[in-house]
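Q: Starting off with a structure, shown below.
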Amino acid sequence: MSEAPILKDTVRSSGRDALQKNIQAALALSEAIRSTLGPNGLDKLLIDDDGRTLVTNDGVTVLETAKVEHPVAKMMIGASSVQDKIAKDGTTSTVILAGEMLRNAWQLILQGIHPSTISRGYRNAEQFILNNLSDISFHANEDICETVIKTTLAGKGHSSMQEKIAQISLAATKIVFDEKNKLVDSEKIKLISQTGGRVEQSYVIQGLMLPKKRISSDMKREVLDGKIILLDGGLEQRSMSNDLKLNVNNLGVLDSFREKQRDLLLDQVDVLANNGVNVLACREGIDDAVCNYLSEKGIQAFRRVSKNDLNLLTKACNAELVGSISNLKKKNLGGFTISKNVKLDGKDFWVLEGNGNAATIVAKGSTVDVVSEVERCFDDALGVSEQLLEGGLVLCGGGASYVSLARKLRRYAETIPGREQLAIEAYADAIEVIIRVLAENAGIDPIASLLNVVANQTNTNSDNIGINLSSGKPDDMLKLGVIEPQSVVKQALIGATEVAISILRIDDVLWAKHSGEITDLPEPQT
Ligand code: ADP
Ligand code: MG
């Protein structure tokens with residue numbers, strides 16, 4: 001069988017060359033987003049093929065929007081996307097960490113250390129860190145939750161915007177928090193965005209707010225303390241199917257057929273009224289005749305409500321979505337305290353405060369670009385506030401945790417014999433990259449910052465010392481309020497290690513296949 005050309009190419013380049021290219025691709029990607037890290041990180045302006053623009057400081061957004069072809073770069077982006085899903089934050093850090101781990105691995109390879117030894121050392125280092133992470137973490141009490149969320153938003157917008165987004169996100173999460181099971185159902189939070197106004201004018205309401213208007217102004221604008229039915233269908237006459245043949249031998253037949261259909265629909269309204277329903281929301285349409293009858297019966301109705309919104313409504317009112325009204329049961333109905341129509345900036349909204357707990361955040365911003373960045377901020381902030389309320393641990397930011405973990409790791413490395421020790425030390429050096437880049441982006445000397453923080457942590461025996469980016473000096477991050485969820489750091493380290501090892505291993509496989517032909521590879525060391 002003839003070899004595929006790509007395989008031929010691989011055979012031609014030496015194993016070390018291939019690995020070098022892969023590492024270069026990974027580094028190119030991490031260099032590209034390096035300048036967005038931290039509170040002093042700058043934004044990126046992204047322009048797609050159609051000329052649409054996007055201004056963002058969010059690492060994962062930059063990476064997912066960029067058209068990247070290189071498979072290794074794609075792996076790095078994958079790690080960042082996973083970080084976004086699991087921890088919501090730390091997406092830039094993950095890529096920078098992975099890049100630095102690979103850079104340091106390359107230095108070791110140049111010294112003749114085999115990638116599999118490096119991978120083993122990196123795994124060992126990761127495990128050590130995971131075992132020791134709880135030593136530098138603590139529980140987030142009520143007072144610091146807002147501070148932690150603000151740290152998450154570092155670099156995104158200005159400080160009053162961060163404060164507002166943090167407050168609103170925490171308030172919304174508290175509304176949907178299930179105290180008994182210590183769980184947050186984030187699906188109960190709806191985010192609505194509005195262009196116009198300032199970010200600081202964003203707000204949260206208890207209940208749901210949907211961009212809907214009652215179908216007739218004859219219906220009551222506001223209904224208090226009632227029952228709601230959520231219908232996965234409509235109250236309208238079906239158009240006749242093409243296969244249906246109706247023999248019309250009398251002028252009135254068609255009319256009476258339609259009348260019968262209408263009567264059946266009106267009967268359904270009677271069923272609703274008899275069950276004490278005051279509000280109806282359905283996925284499909286409602287005929288005019290039915291609409292009038294609903295108004296007569298004092299039922300407020302909304303049509304063409306999306307399936308997603310209906311699902312949200314089930315949670316907000318403890319209701320069940322019903323397929324048809326004919327076999328309606330009491331337990332299908334939900335309850336609410338208020339259902340009203342309001343006008344906001346000229347747009348109609350339906351506000352519903354149900355028996356269940358749901359929250360709606362109205363995010364505002366002056367332009368479309370600002371609003372979409374505000375939405376991304378809310379997304380991160382809500383993710384973090386959910387983790388905090390569910391009892392997640394926190395630790396100090398500003399590079400403090402990474403420096404402290406690196407210090408512990410170096411002491412641990414001394415206990416490991418053989419070349420793996422060098423890999424563990426390289427891993428320790430790699431995770432210090434965060435503090436260096438934070439300093440770099442703030443215009444402070446990165447090396448001096450790192451060394452001063454290391455010295456200060458050792459002298460004060462404190463894991464909380466990080467870099468104060470305003471003064472350029474080591475400082476207590478707890479006092480400065482630079483605190484972040486443990487899960488962000490933990491997941492960033494897991495994700496970065498995973499992708500770095502996978503990239504190192506790609507070459508392992510290639511080397512194994514062509515080991516006979518490649519002469520300049522270092523032998524595996526133990
Ligand atoms: P990521 O996408 O990795 O979350 P960010 O741009 O959000 O990247 O930057 C996060 C980093 O910035 C974290 O390491 C955090 O500790 C640090 N950071 C945030 N606020 C401050 C601050 N006021 N001083 C120092 N470091 C900070
Ligand atoms: Mg962040």
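Each chain of the structure tokens is named A, B, ... in the order shown, its residues numbered from 1; ligands are numbered from 1 in display order.
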Give me the residues within 7 Å of stretch 474-487 of chain A as a ChimeraX atom specification, counting only C-alpha atoms and dropping any in the same chain fewer than 6 places off.
A: /A:87,137,147-148,151-152,392-398,452-453,456,464-468
Q: For N, CA and C atoms, I'd like the residues from the last selection saved as a PDB file, in the first residue's frame.
A:
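Output saved as part.pdb:
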```
ATOM      1  N   ALA A  87     -14.890  25.434  34.419  1.00  0.00           N
ATOM      2  CA  ALA A  87     -14.631  26.419  35.477  1.00  0.00           C
ATOM      3  C   ALA A  87     -15.101  27.823  35.118  1.00  0.00           C
ATOM      4  N   SER A 137      -6.046  26.607  50.102  1.00  0.00           N
ATOM      5  CA  SER A 137      -7.411  27.061  49.780  1.00  0.00           C
ATOM      6  C   SER A 137      -8.229  27.245  51.050  1.00  0.00           C
ATOM      7  N   THR A 147     -16.157  39.743  46.050  1.00  0.00           N
ATOM      8  CA  THR A 147     -14.755  40.027  45.725  1.00  0.00           C
ATOM      9  C   THR A 147     -14.226  38.999  44.732  1.00  0.00           C
ATOM     10  N   VAL A 148     -14.563  37.725  44.975  1.00  0.00           N
ATOM     11  CA  VAL A 148     -14.077  36.654  44.098  1.00  0.00           C
ATOM     12  C   VAL A 148     -14.631  36.847  42.687  1.00  0.00           C
ATOM     13  N   THR A 151     -12.747  39.504  40.904  1.00  0.00           N
ATOM     14  CA  THR A 151     -11.434  39.064  40.399  1.00  0.00           C
ATOM     15  C   THR A 151     -11.607  38.347  39.059  1.00  0.00           C
ATOM     16  N   THR A 152     -12.690  37.572  38.967  1.00  0.00           N
ATOM     17  CA  THR A 152     -12.975  36.862  37.714  1.00  0.00           C
ATOM     18  C   THR A 152     -13.105  37.826  36.550  1.00  0.00           C
ATOM     19  N   GLY A 392     -17.834  25.912  46.918  1.00  0.00           N
ATOM     20  CA  GLY A 392     -16.495  25.783  46.326  1.00  0.00           C
ATOM     21  C   GLY A 392     -15.445  26.525  47.140  1.00  0.00           C
ATOM     22  N   LEU A 393     -14.222  26.008  47.122  1.00  0.00           N
ATOM     23  CA  LEU A 393     -13.132  26.659  47.848  1.00  0.00           C
ATOM     24  C   LEU A 393     -12.538  27.776  47.002  1.00  0.00           C
ATOM     25  N   VAL A 394     -11.818  28.667  47.667  1.00  0.00           N
ATOM     26  CA  VAL A 394     -11.150  29.754  46.937  1.00  0.00           C
ATOM     27  C   VAL A 394      -9.676  29.816  47.342  1.00  0.00           C
ATOM     28  N   LEU A 395      -8.895  30.537  46.559  1.00  0.00           N
ATOM     29  CA  LEU A 395      -7.491  30.757  46.922  1.00  0.00           C
ATOM     30  C   LEU A 395      -7.035  32.111  46.393  1.00  0.00           C
ATOM     31  N   CYS A 396      -5.809  32.492  46.727  1.00  0.00           N
ATOM     32  CA  CYS A 396      -5.366  33.837  46.377  1.00  0.00           C
ATOM     33  C   CYS A 396      -4.906  33.919  44.926  1.00  0.00           C
ATOM     34  N   GLY A 397      -5.277  35.022  44.263  1.00  0.00           N
ATOM     35  CA  GLY A 397      -4.891  35.229  42.871  1.00  0.00           C
ATOM     36  C   GLY A 397      -3.622  36.053  42.781  1.00  0.00           C
ATOM     37  N   GLY A 398      -3.487  36.796  41.699  1.00  0.00           N
ATOM     38  CA  GLY A 398      -2.308  37.651  41.519  1.00  0.00           C
ATOM     39  C   GLY A 398      -1.016  36.855  41.502  1.00  0.00           C
ATOM     40  N   ASN A 452      10.815  38.738  43.832  1.00  0.00           N
ATOM     41  CA  ASN A 452      10.411  39.438  45.058  1.00  0.00           C
ATOM     42  C   ASN A 452       9.257  38.708  45.758  1.00  0.00           C
ATOM     43  N   VAL A 453       8.333  38.206  44.956  1.00  0.00           N
ATOM     44  CA  VAL A 453       7.205  37.490  45.560  1.00  0.00           C
ATOM     45  C   VAL A 453       7.683  36.181  46.201  1.00  0.00           C
ATOM     46  N   ASN A 456       9.421  37.088  49.376  1.00  0.00           N
ATOM     47  CA  ASN A 456       8.470  37.546  50.388  1.00  0.00           C
ATOM     48  C   ASN A 456       7.652  36.386  50.960  1.00  0.00           C
ATOM     49  N   ASN A 464      -0.184  33.686  50.612  1.00  0.00           N
ATOM     50  CA  ASN A 464      -1.114  34.687  50.074  1.00  0.00           C
ATOM     51  C   ASN A 464      -0.435  35.855  49.384  1.00  0.00           C
ATOM     52  N   ILE A 465       0.897  35.835  49.373  1.00  0.00           N
ATOM     53  CA  ILE A 465       1.601  36.970  48.768  1.00  0.00           C
ATOM     54  C   ILE A 465       1.663  36.810  47.244  1.00  0.00           C
ATOM     55  N   GLY A 466       1.144  37.806  46.568  1.00  0.00           N
ATOM     56  CA  GLY A 466       1.203  37.830  45.109  1.00  0.00           C
ATOM     57  C   GLY A 466       1.722  39.185  44.681  1.00  0.00           C
ATOM     58  N   ILE A 467       1.463  39.551  43.441  1.00  0.00           N
ATOM     59  CA  ILE A 467       1.995  40.832  42.971  1.00  0.00           C
ATOM     60  C   ILE A 467       0.905  41.900  42.979  1.00  0.00           C
ATOM     61  N   ASN A 468       1.234  43.027  43.629  1.00  0.00           N
ATOM     62  CA  ASN A 468       0.336  44.181  43.590  1.00  0.00           C
ATOM     63  C   ASN A 468       0.661  44.933  42.298  1.00  0.00           C
TER      64      ASN A 468
END
```
Q: Would you return as a tab-separated table (two decimals) with all heavy atoms, in the first residue's frame the members of stretch 298-432 of chain A that DSSP assigns to strand (DSSP E) on this structure's backbone?
A:
```tsv
chain	number	residue	atom	x	y	z
A	300	GLN	N	-55.30	35.75	30.88
A	300	GLN	CA	-54.25	36.48	30.18
A	300	GLN	C	-53.47	35.45	29.35
A	300	GLN	O	-53.12	34.39	29.88
A	300	GLN	CB	-53.33	37.10	31.23
A	300	GLN	CG	-52.38	38.14	30.74
A	300	GLN	CD	-51.40	38.51	31.86
A	300	GLN	OE1	-50.88	37.65	32.56
A	300	GLN	NE2	-51.17	39.80	32.03
A	301	ALA	N	-53.28	35.72	28.06
A	301	ALA	CA	-52.66	34.68	27.23
A	301	ALA	C	-51.48	35.19	26.41
A	301	ALA	O	-51.46	36.35	25.98
A	301	ALA	CB	-53.71	34.09	26.31
A	302	PHE	N	-50.52	34.29	26.21
A	302	PHE	CA	-49.32	34.60	25.42
A	302	PHE	C	-49.13	33.47	24.42
A	302	PHE	O	-49.24	32.30	24.78
A	302	PHE	CB	-48.09	34.68	26.33
A	302	PHE	CG	-48.23	35.75	27.38
A	302	PHE	CD1	-48.89	35.47	28.58
A	302	PHE	CD2	-47.74	37.02	27.16
A	302	PHE	CE1	-49.05	36.45	29.54
A	302	PHE	CE2	-47.90	38.00	28.12
A	302	PHE	CZ	-48.56	37.72	29.32
A	321	LEU	N	-45.30	21.02	31.54
A	321	LEU	CA	-45.69	21.36	30.17
A	321	LEU	C	-46.74	20.34	29.72
A	321	LEU	O	-46.51	19.14	29.82
A	321	LEU	CB	-44.44	21.25	29.29
A	321	LEU	CG	-44.43	21.99	27.97
A	321	LEU	CD1	-44.73	23.45	28.16
A	321	LEU	CD2	-43.07	21.81	27.29
A	322	VAL	N	-47.90	20.82	29.26
A	322	VAL	CA	-48.95	19.85	28.88
A	322	VAL	C	-49.12	19.83	27.36
A	322	VAL	O	-48.98	20.84	26.68
A	322	VAL	CB	-50.31	20.16	29.56
A	322	VAL	CG1	-50.23	19.94	31.04
A	322	VAL	CG2	-50.79	21.55	29.24
A	334	GLY	N	-49.19	25.55	37.27
A	334	GLY	CA	-48.21	26.20	38.13
A	334	GLY	C	-48.83	27.41	38.81
A	334	GLY	O	-49.96	27.80	38.49
A	335	GLY	N	-48.10	27.97	39.79
A	335	GLY	CA	-48.65	29.13	40.50
A	335	GLY	C	-47.75	30.33	40.33
A	335	GLY	O	-46.56	30.21	40.04
A	336	PHE	N	-48.34	31.50	40.48
A	336	PHE	CA	-47.52	32.72	40.40
A	336	PHE	C	-48.11	33.79	41.32
A	336	PHE	O	-49.28	33.73	41.68
A	336	PHE	CB	-47.45	33.23	38.96
A	336	PHE	CG	-48.78	33.64	38.40
A	336	PHE	CD1	-49.27	34.92	38.58
A	336	PHE	CD2	-49.56	32.72	37.69
A	336	PHE	CE1	-50.50	35.29	38.06
A	336	PHE	CE2	-50.78	33.09	37.18
A	336	PHE	CZ	-51.27	34.37	37.37
A	337	THR	N	-47.25	34.73	41.69
A	337	THR	CA	-47.74	35.82	42.53
A	337	THR	C	-48.09	37.03	41.68
A	337	THR	O	-48.97	37.80	42.02
A	337	THR	CB	-46.69	36.23	43.59
A	337	THR	OG1	-45.45	36.32	42.91
A	337	THR	CG2	-46.60	35.23	44.71
A	338	ILE	N	-47.35	37.19	40.59
A	338	ILE	CA	-47.67	38.33	39.73
A	338	ILE	C	-47.32	37.99	38.27
A	338	ILE	O	-46.33	37.35	37.99
A	338	ILE	CB	-46.91	39.60	40.23
A	338	ILE	CG1	-47.42	40.84	39.51
A	338	ILE	CG2	-45.44	39.49	40.03
A	338	ILE	CD1	-47.03	42.11	40.22
A	339	SER	N	-48.23	38.39	37.38
A	339	SER	CA	-47.98	38.22	35.95
A	339	SER	C	-48.39	39.53	35.30
A	339	SER	O	-49.57	39.86	35.27
A	339	SER	CB	-48.81	37.05	35.42
A	339	SER	OG	-48.81	37.08	34.01
A	340	LYS	N	-47.42	40.28	34.82
A	340	LYS	CA	-47.79	41.60	34.30
A	340	LYS	C	-47.04	41.96	33.02
A	340	LYS	O	-45.97	41.41	32.74
A	340	LYS	CB	-47.57	42.68	35.35
A	340	LYS	CG	-46.13	42.85	35.74
A	340	LYS	CD	-45.97	43.97	36.75
A	340	LYS	CE	-44.53	44.02	37.23
A	340	LYS	NZ	-44.28	44.93	38.29
A	341	ASN	N	-47.61	42.86	32.27
A	341	ASN	CA	-46.98	43.36	31.05
A	341	ASN	C	-46.35	44.71	31.33
A	341	ASN	O	-47.00	45.58	31.91
A	341	ASN	CB	-48.03	43.55	29.96
A	341	ASN	CG	-48.39	42.24	29.30
A	341	ASN	OD1	-48.33	42.08	28.10
A	341	ASN	ND2	-48.74	41.25	30.13
A	342	VAL	N	-45.09	44.85	30.96
A	342	VAL	CA	-44.44	46.15	31.15
A	342	VAL	C	-43.77	46.59	29.85
A	342	VAL	O	-43.50	45.77	28.98
A	342	VAL	CB	-43.37	46.10	32.28
A	342	VAL	CG1	-43.99	45.83	33.63
A	342	VAL	CG2	-42.31	45.05	31.96
A	343	LYS	N	-43.52	47.87	29.78
A	343	LYS	CA	-42.82	48.41	28.60
A	343	LYS	C	-41.46	48.93	29.06
A	343	LYS	O	-41.38	49.71	30.01
A	343	LYS	CB	-43.64	49.56	28.01
A	343	LYS	CG	-44.05	49.28	26.58
A	343	LYS	CD	-44.67	50.51	25.94
A	343	LYS	CE	-44.84	50.37	24.47
A	343	LYS	NZ	-45.61	49.28	23.97
A	344	LEU	N	-40.40	48.46	28.41
A	344	LEU	CA	-39.05	48.93	28.78
A	344	LEU	C	-38.37	49.43	27.53
A	344	LEU	O	-38.24	48.68	26.55
A	344	LEU	CB	-38.23	47.77	29.33
A	344	LEU	CG	-38.48	47.34	30.77
A	344	LEU	CD1	-37.66	46.13	31.09
A	344	LEU	CD2	-38.15	48.47	31.73
A	347	LYS	N	-40.01	48.57	24.40
A	347	LYS	CA	-40.26	47.15	24.07
A	347	LYS	C	-41.16	46.52	25.13
A	347	LYS	O	-41.09	46.88	26.30
A	347	LYS	CB	-38.94	46.38	24.01
A	347	LYS	CG	-38.14	46.68	22.77
A	347	LYS	CD	-37.17	45.54	22.49
A	347	LYS	CE	-36.17	45.92	21.43
A	347	LYS	NZ	-34.83	46.15	21.93
A	348	ASP	N	-42.00	45.58	24.65
A	348	ASP	CA	-42.93	44.93	25.58
A	348	ASP	C	-42.30	43.72	26.25
A	348	ASP	O	-41.63	42.92	25.59
A	348	ASP	CB	-44.18	44.47	24.82
A	348	ASP	CG	-45.01	45.65	24.39
A	348	ASP	OD1	-45.55	46.32	25.28
A	348	ASP	OD2	-45.09	45.91	23.17
A	349	PHE	N	-42.54	43.59	27.53
A	349	PHE	CA	-42.05	42.43	28.27
A	349	PHE	C	-43.14	41.86	29.15
A	349	PHE	O	-44.02	42.58	29.64
A	349	PHE	CB	-40.85	42.80	29.14
A	349	PHE	CG	-39.60	43.01	28.34
A	349	PHE	CD1	-39.23	44.29	27.92
A	349	PHE	CD2	-38.78	41.94	28.00
A	349	PHE	CE1	-38.08	44.48	27.16
A	349	PHE	CE2	-37.64	42.12	27.26
A	349	PHE	CZ	-37.29	43.39	26.83
A	350	TRP	N	-43.06	40.57	29.35
A	350	TRP	CA	-43.97	39.88	30.26
A	350	TRP	C	-43.15	39.51	31.50
A	350	TRP	O	-42.15	38.79	31.39
A	350	TRP	CB	-44.53	38.64	29.57
A	350	TRP	CG	-45.29	37.71	30.46
A	350	TRP	CD1	-45.98	38.01	31.60
A	350	TRP	CD2	-45.45	36.29	30.27
A	350	TRP	NE1	-46.56	36.89	32.12
A	350	TRP	CE2	-46.26	35.82	31.32
A	350	TRP	CE3	-45.01	35.39	29.31
A	350	TRP	CZ2	-46.61	34.48	31.45
A	350	TRP	CZ3	-45.36	34.06	29.43
A	350	TRP	CH2	-46.16	33.61	30.49
A	351	VAL	N	-43.56	40.02	32.64
A	351	VAL	CA	-42.84	39.73	33.89
A	351	VAL	C	-43.69	38.76	34.70
A	351	VAL	O	-44.86	39.00	34.95
A	351	VAL	CB	-42.62	41.02	34.71
A	351	VAL	CG1	-41.93	40.71	36.03
A	351	VAL	CG2	-41.80	42.02	33.91
A	352	LEU	N	-43.07	37.66	35.09
A	352	LEU	CA	-43.81	36.65	35.83
A	352	LEU	C	-43.03	36.23	37.07
A	352	LEU	O	-41.91	35.74	36.96
A	352	LEU	CB	-44.03	35.43	34.93
A	352	LEU	CG	-44.87	34.34	35.57
A	352	LEU	CD1	-46.34	34.62	35.38
A	352	LEU	CD2	-44.53	32.99	34.98
A	353	GLU	N	-43.63	36.46	38.21
A	353	GLU	CA	-42.99	35.99	39.45
A	353	GLU	C	-43.70	34.73	39.88
A	353	GLU	O	-44.87	34.77	40.28
A	353	GLU	CB	-43.05	37.07	40.52
A	353	GLU	CG	-42.13	38.21	40.20
A	353	GLU	CD	-42.14	39.30	41.26
A	353	GLU	OE1	-42.55	39.02	42.39
A	353	GLU	OE2	-41.76	40.42	40.91
A	354	GLY	N	-43.03	33.62	39.74
A	354	GLY	CA	-43.69	32.34	39.98
A	354	GLY	C	-43.45	31.77	41.36
A	354	GLY	O	-42.70	32.32	42.16
A	359	ALA	N	-34.77	33.79	38.02
A	359	ALA	CA	-34.32	35.18	38.00
A	359	ALA	C	-34.03	35.60	36.57
A	359	ALA	O	-33.66	34.78	35.74
A	359	ALA	CB	-33.05	35.31	38.84
A	360	THR	N	-34.22	36.87	36.31
A	360	THR	CA	-33.89	37.40	34.99
A	360	THR	C	-32.93	38.57	35.17
A	360	THR	O	-33.18	39.46	35.99
A	360	THR	CB	-35.14	37.88	34.25
A	360	THR	OG1	-36.06	36.81	34.20
A	360	THR	CG2	-34.80	38.34	32.84
A	361	ILE	N	-31.87	38.51	34.40
A	361	ILE	CA	-30.91	39.62	34.43
A	361	ILE	C	-31.11	40.43	33.16
A	361	ILE	O	-31.16	39.85	32.07
A	361	ILE	CB	-29.47	39.08	34.49
A	361	ILE	CG1	-29.23	38.38	35.82
A	361	ILE	CG2	-28.46	40.20	34.29
A	361	ILE	CD1	-27.88	37.69	35.92
A	362	VAL	N	-31.25	41.72	33.31
A	362	VAL	CA	-31.33	42.57	32.13
A	362	VAL	C	-29.97	43.26	32.00
A	362	VAL	O	-29.59	44.09	32.83
A	362	VAL	CB	-32.46	43.61	32.26
A	362	VAL	CG1	-32.55	44.46	31.02
A	362	VAL	CG2	-33.78	42.90	32.52
A	363	ALA	N	-29.22	42.83	30.98
A	363	ALA	CA	-27.87	43.37	30.78
A	363	ALA	C	-27.94	44.52	29.79
A	363	ALA	O	-28.54	44.39	28.73
A	363	ALA	CB	-26.96	42.28	30.24
A	364	LYS	N	-27.33	45.63	30.17
A	364	LYS	CA	-27.37	46.80	29.28
A	364	LYS	C	-25.97	47.22	28.86
A	364	LYS	O	-24.99	46.96	29.55
A	364	LYS	CB	-28.03	47.96	30.02
A	364	LYS	CG	-29.49	47.69	30.33
A	364	LYS	CD	-30.17	48.99	30.67
A	364	LYS	CE	-31.66	48.81	30.68
A	364	LYS	NZ	-32.36	50.00	30.27
A	365	GLY	N	-25.91	47.88	27.75
A	365	GLY	CA	-24.63	48.40	27.27
A	365	GLY	C	-24.90	49.38	26.14
A	365	GLY	O	-25.93	49.29	25.48
A	393	LEU	N	-14.22	26.01	47.12
A	393	LEU	CA	-13.13	26.66	47.85
A	393	LEU	C	-12.54	27.78	47.00
A	393	LEU	O	-12.72	27.82	45.79
A	393	LEU	CB	-12.04	25.63	48.16
A	393	LEU	CG	-12.45	24.48	49.07
A	393	LEU	CD1	-11.36	23.42	49.12
A	393	LEU	CD2	-12.72	25.01	50.47
A	394	VAL	N	-11.82	28.67	47.67
A	394	VAL	CA	-11.15	29.75	46.94
A	394	VAL	C	-9.68	29.82	47.34
A	394	VAL	O	-9.29	29.22	48.34
A	394	VAL	CB	-11.82	31.13	47.22
A	394	VAL	CG1	-13.20	31.18	46.64
A	394	VAL	CG2	-11.84	31.42	48.71
A	395	LEU	N	-8.90	30.54	46.56
A	395	LEU	CA	-7.49	30.76	46.92
A	395	LEU	C	-7.03	32.11	46.39
A	395	LEU	O	-7.79	32.80	45.70
A	395	LEU	CB	-6.59	29.62	46.41
A	395	LEU	CG	-6.91	28.96	45.07
A	395	LEU	CD1	-6.62	29.90	43.96
A	395	LEU	CD2	-6.12	27.69	44.92
A	396	CYS	N	-5.81	32.49	46.73
A	396	CYS	CA	-5.37	33.84	46.38
A	396	CYS	C	-4.91	33.92	44.93
A	396	CYS	O	-4.23	33.02	44.42
A	396	CYS	CB	-4.23	34.26	47.29
A	396	CYS	SG	-4.87	34.74	48.89
```
Q: One number please: atom 9 (O, counted along the ligand's line) of ligand 1 to atom CA of A:Leu37, in Å, one decimal.
A: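 One can read the atom 9 (O, counted along the ligand's line) of ligand 1 to atom CA of A:Leu37 distance as 4.5 Å.
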Q: Mind listing the residues within 8 Å of ligand 2, only C-alpha atoms and all ligand atoms counted, as a list in words?
A: Leu37, Gly38, Asp58, Asp89, Gly90, Thr91, Thr92, Thr151, Thr152, Leu153, Ala154, Gly155 and Asp380 of chain A
Q: So that I have them on file, write out the residues from the current selection with C-alpha atoms, as a PDB file, in the first residue's frame.
A:
```pdb
ATOM      1  CA  LEU A  37      -4.127  38.207  30.853  1.00  0.00           C
ATOM      2  CA  GLY A  38      -4.988  39.959  34.071  1.00  0.00           C
ATOM      3  CA  ASP A  58     -11.921  36.833  26.932  1.00  0.00           C
ATOM      4  CA  ASP A  89     -12.828  31.286  34.037  1.00  0.00           C
ATOM      5  CA  GLY A  90      -9.095  30.789  33.581  1.00  0.00           C
ATOM      6  CA  THR A  91      -9.226  30.195  29.843  1.00  0.00           C
ATOM      7  CA  THR A  92      -6.263  32.439  29.031  1.00  0.00           C
ATOM      8  CA  THR A 151     -11.434  39.064  40.399  1.00  0.00           C
ATOM      9  CA  THR A 152     -12.975  36.862  37.714  1.00  0.00           C
ATOM     10  CA  LEU A 153     -13.906  39.959  35.773  1.00  0.00           C
ATOM     11  CA  ALA A 154     -10.436  41.491  36.030  1.00  0.00           C
ATOM     12  CA  GLY A 155      -9.448  43.174  32.789  1.00  0.00           C
ATOM     13  CA  ASP A 380     -18.336  34.034  33.692  1.00  0.00           C
TER      14      ASP A 380
END
```
Q: Find the spatial neighbours of A:Asp135, counting only C-alpha atoms, within a cut-off of 10 Å - ignore same-chain residues fewer than 6 positions away - and output them as a list in words.
A: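 Selected residues are Ile129, Leu395, Leu405 and Asp463 of chain A.
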Q: Please report the interatomic distance between atom CA of A:Met209 and atom CA of A:Gly157 in Å with one decimal.
A: 26.0 Å
Q: Tell me, which residues of stretch 217-346 of chain A carry DSSP helix (DSSP H, G or I), written as an MDAnalysis selection string?
A: chainID A and resid 253:274 288:296 307:317 330:332
Q: Work out how far atom CA of A:Leu133 is from atom CA of A:Thr458, in Å to one decimal.
A: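 The value is 17.8 Å.
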Q: Write out as JSON lines a residue-level contact list of stretch 310-421 of chain A versus stretch 255-276 of chain A with cut-off 9 Å: for each qualifying residue the closest pair of atoms and the distance in Å to one decimal, counting only C-alpha atoms, rows sorted by chain and residue number upward.
A:
```
{"residue": "A:Ile325", "atom": "CA", "partner": "A:Gln268", "partner_atom": "CA", "distance": 6.3}
{"residue": "A:Ser326", "atom": "CA", "partner": "A:Gln268", "partner_atom": "CA", "distance": 6.7}
{"residue": "A:Leu328", "atom": "CA", "partner": "A:Val271", "partner_atom": "CA", "distance": 8.3}
{"residue": "A:Lys329", "atom": "CA", "partner": "A:Asn275", "partner_atom": "CA", "distance": 8.9}
{"residue": "A:Lys330", "atom": "CA", "partner": "A:Asn275", "partner_atom": "CA", "distance": 7.5}
```
